[in-house]
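Enquirer: Handing over start.pdb, PDB, C-alpha atoms, pLDDT in the B column.
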ATOM      1  CA  MET V  18      13.774 -11.755  -6.652  1.00 67.00           C
ATOM      2  CA  ARG V  19      10.697 -13.554  -5.380  1.00 90.00           C
ATOM      3  CA  ASP V  20      10.694 -12.310  -1.774  1.00 96.00           C
ATOM      4  CA  PHE V  21       9.001  -8.976  -1.097  1.00 98.00           C
ATOM      5  CA  ALA V  22       6.300  -7.181   0.870  1.00 98.00           C
ATOM      6  CA  ALA V  23       3.362  -5.616  -0.960  1.00 98.00           C
ATOM      7  CA  ILE V  24       2.024  -2.565   0.897  1.00 98.00           C
ATOM      8  CA  ASP V  25      -0.989  -0.324   0.466  1.00 98.00           C
ATOM      9  CA  PHE V  26      -2.152   2.736   2.393  1.00 98.00           C
ATOM     10  CA  GLU V  27      -5.486   4.538   2.447  1.00 98.00           C
ATOM     11  CA  THR V  28      -5.534   8.164   3.576  1.00 98.00           C
ATOM     12  CA  ALA V  29      -8.106  10.233   5.440  1.00 98.00           C
ATOM     13  CA  ASN V  30      -7.481  13.460   3.564  1.00 98.00           C
ATOM     14  CA  GLU V  31      -5.185  15.096   1.012  1.00 97.00           C
ATOM     15  CA  GLN V  32      -2.188  14.973   3.353  1.00 98.00           C
ATOM     16  CA  PRO V  33       0.067  11.964   2.643  1.00 98.00           C
ATOM     17  CA  SER V  34       0.694  11.555   6.365  1.00 98.00           C
ATOM     18  CA  SER V  35      -3.013  10.961   7.037  1.00 98.00           C
ATOM     19  CA  VAL V  36      -2.794   7.190   6.658  1.00 98.00           C
ATOM     20  CA  CYS V  37      -5.934   5.637   8.112  1.00 98.00           C
ATOM     21  CA  SER V  38      -5.362   2.005   7.136  1.00 98.00           C
ATOM     22  CA  VAL V  39      -2.550  -0.212   5.912  1.00 98.00           C
ATOM     23  CA  GLY V  40      -2.383  -3.623   4.314  1.00 98.00           C
ATOM     24  CA  VAL V  41       0.817  -5.644   3.997  1.00 98.00           C
ATOM     25  CA  VAL V  42       1.308  -8.975   2.238  1.00 98.00           C
ATOM     26  CA  ILE V  43       4.529 -10.933   2.683  1.00 98.00           C
ATOM     27  CA  VAL V  44       5.669 -13.043  -0.271  1.00 98.00           C
ATOM     28  CA  ARG V  45       8.505 -15.564  -0.065  1.00 97.00           C
ATOM     29  CA  GLU V  46       9.587 -17.683  -3.007  1.00 94.00           C
ATOM     30  CA  GLY V  47       6.627 -16.289  -4.943  1.00 93.00           C
ATOM     31  CA  GLU V  48       4.047 -17.469  -2.372  1.00 95.00           C
ATOM     32  CA  VAL V  49       2.031 -15.427   0.113  1.00 96.00           C
ATOM     33  CA  VAL V  50       3.189 -16.464   3.586  1.00 98.00           C
ATOM     34  CA  ASP V  51       1.742 -13.754   5.821  1.00 98.00           C
ATOM     35  CA  SER V  52      -0.451 -10.661   5.824  1.00 98.00           C
ATOM     36  CA  PHE V  53      -1.260  -7.781   8.129  1.00 98.00           C
ATOM     37  CA  TYR V  54      -4.030  -5.190   8.245  1.00 98.00           C
ATOM     38  CA  SER V  55      -4.703  -2.352  10.642  1.00 98.00           C
ATOM     39  CA  LEU V  56      -6.751   0.759  10.933  1.00 98.00           C
ATOM     40  CA  ILE V  57      -4.654   3.791  11.934  1.00 98.00           C
ATOM     41  CA  HIS V  58      -5.604   6.972  13.763  1.00 98.00           C
ATOM     42  CA  PRO V  59      -4.778   9.541  11.052  1.00 98.00           C
ATOM     43  CA  GLU V  60      -2.592  12.605  11.427  1.00 97.00           C
ATOM     44  CA  PRO V  61      -3.841  15.201  10.669  1.00 97.00           C
ATOM     45  CA  GLU V  62      -7.049  13.939  12.198  1.00 96.00           C
ATOM     46  CA  TYR V  63      -9.833  14.791   9.759  1.00 96.00           C
ATOM     47  CA  TYR V  64     -11.534  13.064   6.850  1.00 97.00           C
ATOM     48  CA  GLN V  65     -12.351  14.573   3.491  1.00 96.00           C
ATOM     49  CA  TRP V  66     -15.491  13.411   1.734  1.00 96.00           C
ATOM     50  CA  PHE V  67     -13.686  12.276  -1.414  1.00 94.00           C
ATOM     51  CA  CYS V  68     -11.371   9.990   0.572  1.00 94.00           C
ATOM     52  CA  GLN V  69     -14.306   8.576   2.512  1.00 94.00           C
ATOM     53  CA  ARG V  70     -16.122   7.980  -0.766  1.00 94.00           C
ATOM     54  CA  VAL V  71     -13.158   5.997  -2.094  1.00 92.00           C
ATOM     55  CA  HIS V  72     -12.465   3.679   0.848  1.00 96.00           C
ATOM     56  CA  GLY V  73     -15.537   4.010   3.055  1.00 95.00           C
ATOM     57  CA  LEU V  74     -13.614   4.777   6.249  1.00 97.00           C
ATOM     58  CA  GLY V  75     -14.474   7.670   8.529  1.00 97.00           C
ATOM     59  CA  PRO V  76     -13.669   9.103  11.949  1.00 97.00           C
ATOM     60  CA  GLU V  77     -15.885   6.560  13.698  1.00 97.00           C
ATOM     61  CA  ASP V  78     -13.714   3.758  12.255  1.00 97.00           C
ATOM     62  CA  THR V  79     -10.387   5.130  13.443  1.00 98.00           C
ATOM     63  CA  GLU V  80     -11.160   7.132  16.597  1.00 97.00           C
ATOM     64  CA  ASP V  81      -9.918   4.239  18.784  1.00 98.00           C
ATOM     65  CA  ALA V  82      -7.309   2.948  16.323  1.00 98.00           C
ATOM     66  CA  PRO V  83      -3.616   3.052  17.232  1.00 98.00           C
ATOM     67  CA  VAL V  84      -1.394   5.839  15.923  1.00 98.00           C
ATOM     68  CA  PHE V  85       1.115   4.953  13.229  1.00 98.00           C
ATOM     69  CA  PRO V  86       4.200   4.260  15.403  1.00 98.00           C
ATOM     70  CA  TYR V  87       2.343   1.471  17.236  1.00 98.00           C
ATOM     71  CA  VAL V  88       1.141  -0.066  13.980  1.00 98.00           C
ATOM     72  CA  TRP V  89       4.650   0.187  12.534  1.00 98.00           C
ATOM     73  CA  GLU V  90       6.040  -1.810  15.456  1.00 98.00           C
ATOM     74  CA  LYS V  91       3.982  -4.742  14.170  1.00 98.00           C
ATOM     75  CA  ILE V  92       4.835  -4.228  10.488  1.00 98.00           C
ATOM     76  CA  GLU V  93       8.575  -3.674  10.849  1.00 97.00           C
ATOM     77  CA  PRO V  94       9.539  -7.258  11.801  1.00 98.00           C
ATOM     78  CA  LEU V  95       7.354  -8.650   8.993  1.00 98.00           C
ATOM     79  CA  ILE V  96       9.083  -6.653   6.266  1.00 98.00           C
ATOM     80  CA  ASP V  97      12.626  -6.691   7.654  1.00 96.00           C
ATOM     81  CA  GLY V  98      15.095  -6.956   4.777  1.00 95.00           C
ATOM     82  CA  LEU V  99      12.406  -7.150   2.091  1.00 97.00           C
ATOM     83  CA  PRO V 100      11.900  -4.783  -0.814  1.00 97.00           C
ATOM     84  CA  LEU V 101       8.487  -3.097  -0.828  1.00 98.00           C
ATOM     85  CA  VAL V 102       6.057  -3.275  -3.733  1.00 98.00           C
ATOM     86  CA  ALA V 103       3.074  -1.003  -4.359  1.00 98.00           C
ATOM     87  CA  HIS V 104       0.776  -0.118  -7.231  1.00 97.00           C
ATOM     88  CA  ASN V 105       1.701   3.500  -7.944  1.00 97.00           C
ATOM     89  CA  SER V 106       4.533   3.294  -5.435  1.00 97.00           C
ATOM     90  CA  ARG V 107       5.031   7.072  -5.490  1.00 97.00           C
ATOM     91  CA  PHE V 108       1.805   7.407  -3.507  1.00 98.00           C
ATOM     92  CA  ASP V 109       2.537   4.705  -0.915  1.00 98.00           C
ATOM     93  CA  GLU V 110       6.209   5.616  -0.546  1.00 98.00           C
ATOM     94  CA  GLY V 111       5.169   9.260  -0.160  1.00 98.00           C
ATOM     95  CA  CYS V 112       2.691   8.302   2.573  1.00 98.00           C
ATOM     96  CA  LEU V 113       5.305   6.251   4.377  1.00 98.00           C
ATOM     97  CA  LYS V 114       7.900   9.023   4.260  1.00 98.00           C
ATOM     98  CA  ALA V 115       5.354  11.633   5.359  1.00 98.00           C
ATOM     99  CA  VAL V 116       4.062   9.680   8.334  1.00 98.00           C
ATOM    100  CA  PHE V 117       7.621   8.870   9.443  1.00 98.00           C
ATOM    101  CA  ARG V 118       8.336  12.626   9.313  1.00 98.00           C
ATOM    102  CA  VAL V 119       5.210  13.530  11.295  1.00 98.00           C
ATOM    103  CA  TYR V 120       6.145  11.147  14.094  1.00 98.00           C
ATOM    104  CA  GLN V 121       9.853  12.076  13.888  1.00 98.00           C
ATOM    105  CA  MET V 122      10.851   8.473  13.191  1.00 98.00           C
ATOM    106  CA  ASP V 123      14.071   7.578  11.378  1.00 96.00           C
ATOM    107  CA  TYR V 124      13.101   6.544   7.856  1.00 96.00           C
ATOM    108  CA  PRO V 125      14.953   3.495   6.561  1.00 92.00           C
ATOM    109  CA  ASP V 126      15.835   3.794   2.891  1.00 90.00           C
ATOM    110  CA  PHE V 127      13.313   1.241   1.637  1.00 94.00           C
ATOM    111  CA  GLU V 128      13.709  -0.252  -1.821  1.00 95.00           C
ATOM    112  CA  PHE V 129      10.356   0.307  -3.592  1.00 96.00           C
ATOM    113  CA  HIS V 130       9.131  -1.361  -6.786  1.00 96.00           C
ATOM    114  CA  ASP V 131       6.072  -0.244  -8.714  1.00 97.00           C
ATOM    115  CA  THR V 132       3.525  -2.607 -10.270  1.00 97.00           C
ATOM    116  CA  LEU V 133       1.945   0.331 -12.115  1.00 97.00           C
ATOM    117  CA  ALA V 134       5.178   1.017 -13.991  1.00 96.00           C
ATOM    118  CA  ALA V 135       5.653  -2.736 -14.519  1.00 95.00           C
ATOM    119  CA  SER V 136       2.152  -2.938 -15.977  1.00 96.00           C
ATOM    120  CA  HIS V 137       2.949  -0.209 -18.498  1.00 96.00           C
ATOM    121  CA  ARG V 138       6.132  -2.064 -19.504  1.00 94.00           C
ATOM    122  CA  HIS V 139       4.505  -5.489 -19.615  1.00 95.00           C
ATOM    123  CA  PHE V 140       1.066  -4.776 -21.117  1.00 96.00           C
ATOM    124  CA  GLY V 141       1.636  -1.478 -22.913  1.00 94.00           C
ATOM    125  CA  ARG V 142      -1.520  -0.495 -24.787  1.00 95.00           C
ATOM    126  CA  ARG V 143      -3.132  -3.920 -24.519  1.00 96.00           C
ATOM    127  CA  LEU V 144      -5.085  -2.758 -21.439  1.00 96.00           C
ATOM    128  CA  PRO V 145      -7.725   0.000 -21.433  1.00 96.00           C
ATOM    129  CA  ASN V 146      -6.006   1.472 -18.361  1.00 97.00           C
ATOM    130  CA  HIS V 147      -3.453   0.426 -15.766  1.00 97.00           C
ATOM    131  CA  GLN V 148      -5.603   0.817 -12.667  1.00 97.00           C
ATOM    132  CA  LEU V 149      -5.085  -1.791  -9.973  1.00 97.00           C
ATOM    133  CA  GLN V 150      -8.288  -3.722 -10.665  1.00 96.00           C
ATOM    134  CA  THR V 151      -7.642  -3.786 -14.419  1.00 97.00           C
ATOM    135  CA  VAL V 152      -4.063  -5.015 -14.072  1.00 97.00           C
ATOM    136  CA  ALA V 153      -5.051  -7.554 -11.419  1.00 97.00           C
ATOM    137  CA  ALA V 154      -7.712  -8.987 -13.756  1.00 97.00           C
ATOM    138  CA  ALA V 155      -5.175  -9.151 -16.615  1.00 97.00           C
ATOM    139  CA  CYS V 156      -2.942 -11.163 -14.279  1.00 95.00           C
ATOM    140  CA  GLY V 157      -5.775 -13.556 -13.438  1.00 95.00           C
ATOM    141  CA  TYR V 158      -6.537 -12.091 -10.015  1.00 95.00           C
ATOM    142  CA  ASP V 159     -10.088 -11.109  -9.036  1.00 95.00           C
ATOM    143  CA  LEU V 160      -9.795  -8.005  -6.855  1.00 95.00           C
ATOM    144  CA  MET V 161     -12.730  -7.938  -4.495  1.00 91.00           C
ATOM    145  CA  ASN V 162     -13.226  -5.029  -2.080  1.00 88.00           C
ATOM    146  CA  HIS V 163     -11.047  -2.549  -4.000  1.00 91.00           C
ATOM    147  CA  HIS V 164      -9.707   0.289  -1.807  1.00 91.00           C
ATOM    148  CA  HIS V 165      -9.547  -1.895   1.271  1.00 95.00           C
ATOM    149  CA  ALA V 166      -5.835  -1.678   2.063  1.00 98.00           C
ATOM    150  CA  LEU V 167      -5.336  -5.424   2.556  1.00 98.00           C
ATOM    151  CA  ALA V 168      -7.330  -6.371  -0.550  1.00 97.00           C
ATOM    152  CA  ASP V 169      -5.293  -3.914  -2.610  1.00 98.00           C
ATOM    153  CA  ALA V 170      -2.004  -5.216  -1.144  1.00 98.00           C
ATOM    154  CA  GLU V 171      -3.093  -8.776  -2.010  1.00 98.00           C
ATOM    155  CA  ALA V 172      -3.842  -7.726  -5.590  1.00 98.00           C
ATOM    156  CA  CYS V 173      -0.519  -5.910  -5.802  1.00 98.00           C
ATOM    157  CA  ALA V 174       1.296  -9.022  -4.583  1.00 97.00           C
ATOM    158  CA  ALA V 175      -0.455 -11.148  -7.217  1.00 96.00           C
ATOM    159  CA  ILE V 176       0.533  -8.682  -9.947  1.00 97.00           C
ATOM    160  CA  ALA V 177       4.124  -8.552  -8.725  1.00 96.00           C
ATOM    161  CA  VAL V 178       4.432 -12.339  -8.739  1.00 95.00           C
ATOM    162  CA  LYS V 179       3.104 -12.451 -12.320  1.00 94.00           C
ATOM    163  CA  ILE V 180       4.836  -9.523 -14.018  1.00 94.00           C
ATOM    164  CA  LEU V 181       6.980  -7.306 -11.857  1.00 81.00           C
ATOM    165  CA  PHE V 182      10.119  -9.240 -11.232  1.00 69.00           C
ATOM    166  CA  GLU V 183      10.341 -10.756 -14.685  1.00 64.00           C
ATOM    167  CA  ASP V 184      10.999  -7.183 -15.858  1.00 48.00           C
ATOM    168  CA  TYR V 185      14.011  -6.740 -13.555  1.00 44.00           C
TER     169      TYR V 185
END
With the file now loaded, output its structure as structure tokens.
Expert:
Amino acid sequence: MRDFAAIDFETANEQPSSVCSVGVVIVREGEVVDSFYSLIHPEPEYYQWFCQRVHGLGPEDTEDAPVFPYVWEKIEPLIDGLPLVAHNSRFDEGCLKAVFRVYQMDYPDFEFHDTLAASHRHFGRRLPNHQLQTVAAACGYDLMNHHHALADAEACAAIAVKILFEDY
């Protein structure tokens, strides 16, 4: 399987539904063919300092951003029929399910794959940790701008092309 969509969310607070940005990278035949990034007006609408410290986004960045359903209208046709890939997919899948619930949208049963789990299988103890930037570097990818949703989705896609689907 060499066709997939890598996805990454950043959140405004501790609530998984509080997605404030999303990055999506479309891979076909092992090559990046498209990407998408958007800021999102979070729900609930508040920022916690530790989230802001991680990704640098705050209320001033998303006050005029679209709410999730409008952003999803742009993402949905890009990922149609593709499995989704994320680094620590439990987090991103949890965000996606939560924000679908908040907006009372019907959640499709997405197939998720996890590059974090694949990293543990592939590299084992050969890496000091299995954080996104560490695994990306081990796969020959230089992750610049870590915690920007599109940059993280690009790194995740690079990892998936290198190690994820060889393990399936």
Enquirer: Do a neighbour search on Leu99 of chain V at 8 Å with all atoms listed in the file, toss out local chain neighbours closer than 3 positions, and write the hits as a VMD selection string.
Expert: chain V and resid 20 to 22 96
Enquirer: Between atom CA of Phe53 of chain V and atom CA of Arg118 of chain V, what is the distance in Å, rounded to a tenth?
Expert: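 Computing it gives 22.6 Å between the two atoms.
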Enquirer: Separation of atom CA of Asp25 of chain V and atom CA of Tyr64 of chain V, in Å?
Expert: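 Atom CA of Tyr64 of chain V lies 18.2 Å from atom CA of Asp25 of chain V.
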Enquirer: For atom CA of Phe67 of chain V and atom CA of Val36 of chain V, quote the distance in Å rounded to one decimal.
Expert: 14.5 Å
Enquirer: Taking into account all atoms listed in the file, which residue in the set V:Leu133, V:Val119, V:Phe140, V:Lys91 is nearest to Arg107 of chain V?
Expert: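 Under the stated criterion, the closest residue is V:Leu133.
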Enquirer: Identify, on the basis of all atoms listed in the file, every residue whose closest approach to Val88 of chain V does not exceed 12 Å; exclude the query and any residue fewer than 4 positions from it along the same chain; express the result as a JSON list (two decimals) with C-alpha atoms, in the coordinates of the input.
Expert:
[["chain", "number", "residue", "atom", "x", "y", "z"],
["V", 36, "VAL", "CA", -2.79, 7.19, 6.66],
["V", 37, "CYS", "CA", -5.93, 5.64, 8.11],
["V", 38, "SER", "CA", -5.36, 2.00, 7.14],
["V", 39, "VAL", "CA", -2.55, -0.21, 5.91],
["V", 40, "GLY", "CA", -2.38, -3.62, 4.31],
["V", 41, "VAL", "CA", 0.82, -5.64, 4.00],
["V", 53, "PHE", "CA", -1.26, -7.78, 8.13],
["V", 54, "TYR", "CA", -4.03, -5.19, 8.24],
["V", 55, "SER", "CA", -4.70, -2.35, 10.64],
["V", 56, "LEU", "CA", -6.75, 0.76, 10.93],
["V", 57, "ILE", "CA", -4.65, 3.79, 11.93],
["V", 58, "HIS", "CA", -5.60, 6.97, 13.76],
["V", 59, "PRO", "CA", -4.78, 9.54, 11.05],
["V", 82, "ALA", "CA", -7.31, 2.95, 16.32],
["V", 83, "PRO", "CA", -3.62, 3.05, 17.23],
["V", 84, "VAL", "CA", -1.39, 5.84, 15.92],
["V", 92, "ILE", "CA", 4.84, -4.23, 10.49],
["V", 93, "GLU", "CA", 8.57, -3.67, 10.85],
["V", 94, "PRO", "CA", 9.54, -7.26, 11.80],
["V", 95, "LEU", "CA", 7.35, -8.65, 8.99],
["V", 116, "VAL", "CA", 4.06, 9.68, 8.33],
["V", 117, "PHE", "CA", 7.62, 8.87, 9.44]]
Enquirer: When distances are computed from only C-alpha atoms, which of V:Ala29, V:Tyr124, V:Ser34, V:Arg143 shows the smallest separation from Asp109 of chain V?
Expert: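 Smallest separation from Asp109 of chain V among the options: V:Ser34.
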Enquirer: Given the choices V:Ile180, V:Gly111, V:Asn162, V:His104, which gets closest to Leu149 of chain V if the distance is worked out from only C-alpha atoms?
Expert: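 Ranked by minimum distance to Leu149 of chain V, first place goes to V:His104.
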Enquirer: Nearest to Phe26 of chain V: which of V:Cys68, V:Ile43, V:Leu74, V:Leu113 is it, counting all atoms listed in the file?
Expert: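 Checking each of V:Cys68, V:Ile43, V:Leu74, V:Leu113 against Phe26 of chain V, counting all atoms listed in the file, the winner is V:Leu113.
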Enquirer: My list of candidates is V:Arg19, V:Lys114, V:His137, V:Arg70. Which is closest to Thr151 of chain V when distances are computed with only C-alpha atoms?
Expert: V:His137
Enquirer: Just checking: using only C-alpha atoms, which residue out of V:Val49, V:Ile24, V:Ala172, V:Ala153 ends up closest to Phe108 of chain V?
Expert: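 Comparing V:Val49, V:Ile24, V:Ala172, V:Ala153 against Phe108 of chain V, the winner is V:Ile24.
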Enquirer: What's the 12 Å shell around His147 of chain V, counting all atoms listed in the file, without same-chain residues fewer than 6 positions away, as a list in words?
Expert: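 Contacts, in chain order: His104, Asn105, Asp131, Thr132, Leu133, Ala134, Ala135, Ser136, His137, Arg138, His139, Phe140, Gly141, Ala153, Ala154, Ala155, Cys156 and Ile176 of chain V.
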Enquirer: Quick one: residues within 9 Å of His72 of chain V, all atoms listed in the file counted, chain neighbours fewer than 6 positions away excluded, as a PyMOL selection string?
Expert: chain V and resi 27-28+163-166
